[in-house]
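Reading through the structure tokens given below for one structure.
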Amino acid sequence: MMTVLITGCNNHFQGIERCLHDNYEHEEIRTIGTDCNANHLLGTGCGETFVVPRSDDPDYIPEMLAICDEMNVDVILPFVTTELPIMAANAHRFAEIGTAVSVSSPESLTVANNKIAMYERFAQYMPFQRVIRGAGGVDEFAREIGYPGTRFCCKLPESCGGNGFSVVDEKLGRDIRLRNKCGVAGFVTLDMLKELADSYAGEIILSEYIAGHDYSVCTLSASGEVLHRCGFIGLEMDYGSVMLGEIQKNATAYEIAETVCAELGIDGNACFDFMLGKDGRVKLLEVNPRLSASLPFVAAAGLTLPYLRCKQLLGYDITGYDINVRYGLKMRKYYECEYV
């Protein structure tokens, strides 16, 4: 029996757990969940749960090591972006107690986890952007891109799940009906953004806005070589997660994902986020070198990437499985209540 520990044991956990249990070989899997917030831990769906410190706490790695040692954990599947560099730096310590960590190398994470570094390396695949500080940078970019005739968007270099993302639009930015509307891209006016930029101490990314649909490619790589991949379009989104989507192949997006994996040497699970423009353009937005919340959708189409990653880490050949991806499969996601 394989024992797998998944961090960030929140509302996405059950879907990932199903990916492990509904595997190709009907193998029995024991799952363990951890989170730094006791209220986020699921009361059902996993064998054991543990409240652990935040990943930036000095006690995080020692406590995770103790859990893995006590529970004889075979594989850790990290689900939290901020913990990836910490896990990568300590992977050898887990290996010493027989636990494999699904994480790419520190060198690949330095670029893949940083939106600014990604643009410096792969600008030819990404929307035009600038990194600014303060209101002056906002005015300069607005003139450069031709605003208000051309809309643009802002985002934070190290955010995820759509946090910090807004579209700059004079009309929609003043529409009170869109305030705090769950899952919908926020809108701000140019003056609002300038005020926010002056009050924010860090860097802000300003980027060309591309009208169209979200598109993602989930990959599983071995030291940069993509072994399995599957793409899907997001027709409706909530906080960066697909609520209505369809499994679709896009050759250009597949090629870009494979190129980035090869150049960065990405190892393990990753999810590449794109925009499919109304004009047919494919633009890379970012890469998340970890599990994706949409992997259960990909698994339903026939490609169970979390399970394959576990088998890969344990030394098995994962290229010989008879996998036929069901392109055209559609998904509508609903939320369920848990009573504990």
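The way I read the labels, and the way they are meant: chains A, B, ... in the order of the structure tokens, residue 1 as the first residue of every chain, and ligand 1 as the first ligand shown, with later ones counted on from there.
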
Skipping near chain neighbours, those fewer than 6 positions away, what residues fall within 7 Å of region 214-229 of chain A using only C-alpha atoms, listed as an NGL selection string? :A and (254 or 258 or 261-262 or 264-276 or 305 or 319)

Compile the contact shell of Gly202 (chain A) as a PyMOL selection string: residues with an atom at most 10 Å away, counting only C-alpha atoms, same-chain residues fewer than 6 positions apart removed. chain A and resi 132-134+156-157

Point-to-point distance in Å for CA of Val52 (chain A) and CA of Asn90 (chain A):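 Taking CA of Asn90 (chain A) as the start and CA of Val52 (chain A) as the end point, the length is 16.4 Å.
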
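Taking only C-alpha atoms into account, Gly136 (chain A) lies nearest to A:Lys194 out of the set A:Leu84, A:Cys154, A:Lys194, A:Leu109.
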
Two-atom distance - CA of Arg121 (chain A), CA of Glu107 (chain A) (Å):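 Atom-to-atom, CA of Arg121 (chain A) to CA of Glu107 (chain A), that is 13.5 Å.
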
Considering only C-alpha atoms, return as a ChimeraX atom specification whatever protein or nucleic-acid residues lie within 9 Å of region 26-28 of chain A, sequence-local ones (same chain, fewer than 6 positions apart) excluded. /A:1-3,20

Mind writing the picked residues with N, CA, C and O atoms as a PDB file, in the first residue's frame?
```pdb
ATOM      1  N   MET A   1       0.849  -1.205   0.000  1.00  0.00           N
ATOM      2  CA  MET A   1       0.000   0.000   0.000  1.00  0.00           C
ATOM      3  C   MET A   1       0.876   1.243   0.000  1.00  0.00           C
ATOM      4  O   MET A   1       1.808   1.356   0.792  1.00  0.00           O
ATOM      5  N   MET A   2       0.580   2.171  -0.890  1.00  0.00           N
ATOM      6  CA  MET A   2       1.317   3.421  -0.971  1.00  0.00           C
ATOM      7  C   MET A   2       0.686   4.457  -0.042  1.00  0.00           C
ATOM      8  O   MET A   2      -0.533   4.589   0.018  1.00  0.00           O
ATOM      9  N   THR A   3       1.530   5.203   0.672  1.00  0.00           N
ATOM     10  CA  THR A   3       1.053   6.273   1.546  1.00  0.00           C
ATOM     11  C   THR A   3       1.480   7.613   0.960  1.00  0.00           C
ATOM     12  O   THR A   3       2.670   7.847   0.737  1.00  0.00           O
ATOM     13  N   LEU A  20      -5.949   9.689  -6.910  1.00  0.00           N
ATOM     14  CA  LEU A  20      -5.060   8.644  -6.422  1.00  0.00           C
ATOM     15  C   LEU A  20      -5.794   7.316  -6.252  1.00  0.00           C
ATOM     16  O   LEU A  20      -5.298   6.260  -6.640  1.00  0.00           O
TER      17      LEU A  20
END
```

Which residues are near Leu295 (chain A)? Cut-off 9 Å, only C-alpha atoms, ignore same chain within fewer than 3 positions. Put them as a PDB file with C-alpha atoms, in the first residue's frame.
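Result file follows (around_27.pdb):
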```pdb
ATOM      1  CA  GLY A  15     -10.551  15.759  -5.977  1.00  0.00           C
ATOM      2  CA  ILE A  16      -6.822  15.052  -5.825  1.00  0.00           C
ATOM      3  CA  CYS A  19      -7.213  10.875  -8.616  1.00  0.00           C
ATOM      4  CA  CYS A 218      -1.251  20.060 -17.278  1.00  0.00           C
ATOM      5  CA  LEU A 291      -0.476  20.028  -8.535  1.00  0.00           C
ATOM      6  CA  SER A 292      -3.388  21.850 -10.148  1.00  0.00           C
ATOM      7  CA  VAL A 298      -7.951  15.723 -16.546  1.00  0.00           C
ATOM      8  CA  ALA A 299      -8.248  12.406 -14.670  1.00  0.00           C
ATOM      9  CA  ALA A 300     -11.892  12.088 -15.704  1.00  0.00           C
ATOM     10  CA  LEU A 303      -5.011  10.909 -17.615  1.00  0.00           C
ATOM     11  CA  THR A 304      -4.460  10.505 -13.866  1.00  0.00           C
ATOM     12  CA  LEU A 305      -1.380  12.663 -13.365  1.00  0.00           C
ATOM     13  CA  PRO A 306      -1.048  12.640  -9.528  1.00  0.00           C
TER      14      PRO A 306
END
```

Would you please work out which residue, of A:Thr7, A:Asn39, A:Asn324, A:Thr34, is nearest to Val340 (chain A) when using only C-alpha atoms?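 The shortest atom-to-atom distance to Val340 (chain A) comes from A:Asn39.
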
With distances taken over only C-alpha atoms, which residue among A:Ala89, A:Met243, A:Ala211, A:Ile256 lies nearest Phe152 (chain A)?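 For Phe152 (chain A), the nearest of the candidates is A:Ala211.
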
Between A:Glu203, A:Glu336, A:Glu48, A:Glu140, single out the one closest to Ser159 (chain A), counting only C-alpha atoms.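 Of A:Glu203, A:Glu336, A:Glu48, A:Glu140, the one nearest Ser159 (chain A) is A:Glu203, counting only C-alpha atoms.
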
DSSP says helix (DSSP H, G or I) for which residues of region 132-305 of chain A? Put them as a PyMOL selection string? chain A and resi 134-145+172-174+176-178+190-199+251-264+295-300+305

Spatial neighbours of Met331 (chain A), max dist 8 Å, only C-alpha atoms, sep filter under 4 positions, as a ChimeraX atom specification: /A:243-246,297

Which residues are near region 64-80 of chain A? Cut-off 6 Å, only C-alpha atoms, ignore same chain within fewer than 3 positions. Put them as a ChimeraX atom specification. /A:3-8,61,83,99-102,291

For Ala197 (chain A), which residue out of A:Asp22, A:Glu263, A:Asp139, A:Glu236 is the nearest one, using only C-alpha atoms?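 Using only C-alpha atoms, the shortest distance to Ala197 (chain A) belongs to A:Asp139.
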
Among region 55-282 of chain A, which ones does DSSP place in strand (DSSP E), written as a ChimeraX atom specification? /A:75-77,100-101,129-132,152-155,166-168,186-188,204-208,212-222,225-238,241-247,268-277,282

Hey, which of A:Tyr327, A:Tyr335, A:Phe187, A:Phe13 ends up closest to Gln248 (chain A)? Count only C-alpha atoms.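 Checking each of A:Tyr327, A:Tyr335, A:Phe187, A:Phe13 against Gln248 (chain A), counting only C-alpha atoms, the winner is A:Tyr327.
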
To one decimal place, how far is CA of Ala88 (chain A) from CA of Thr49 (chain A) in Å? 22.6 Å

As a list in words, please: the residues near Val325 (chain A) (cut-off 8 Å, only C-alpha atoms, same-chain neighbours under 4 positions excluded).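 The residues satisfying every condition are Cys230, Ala301, Gly302 and Leu303 of chain A.
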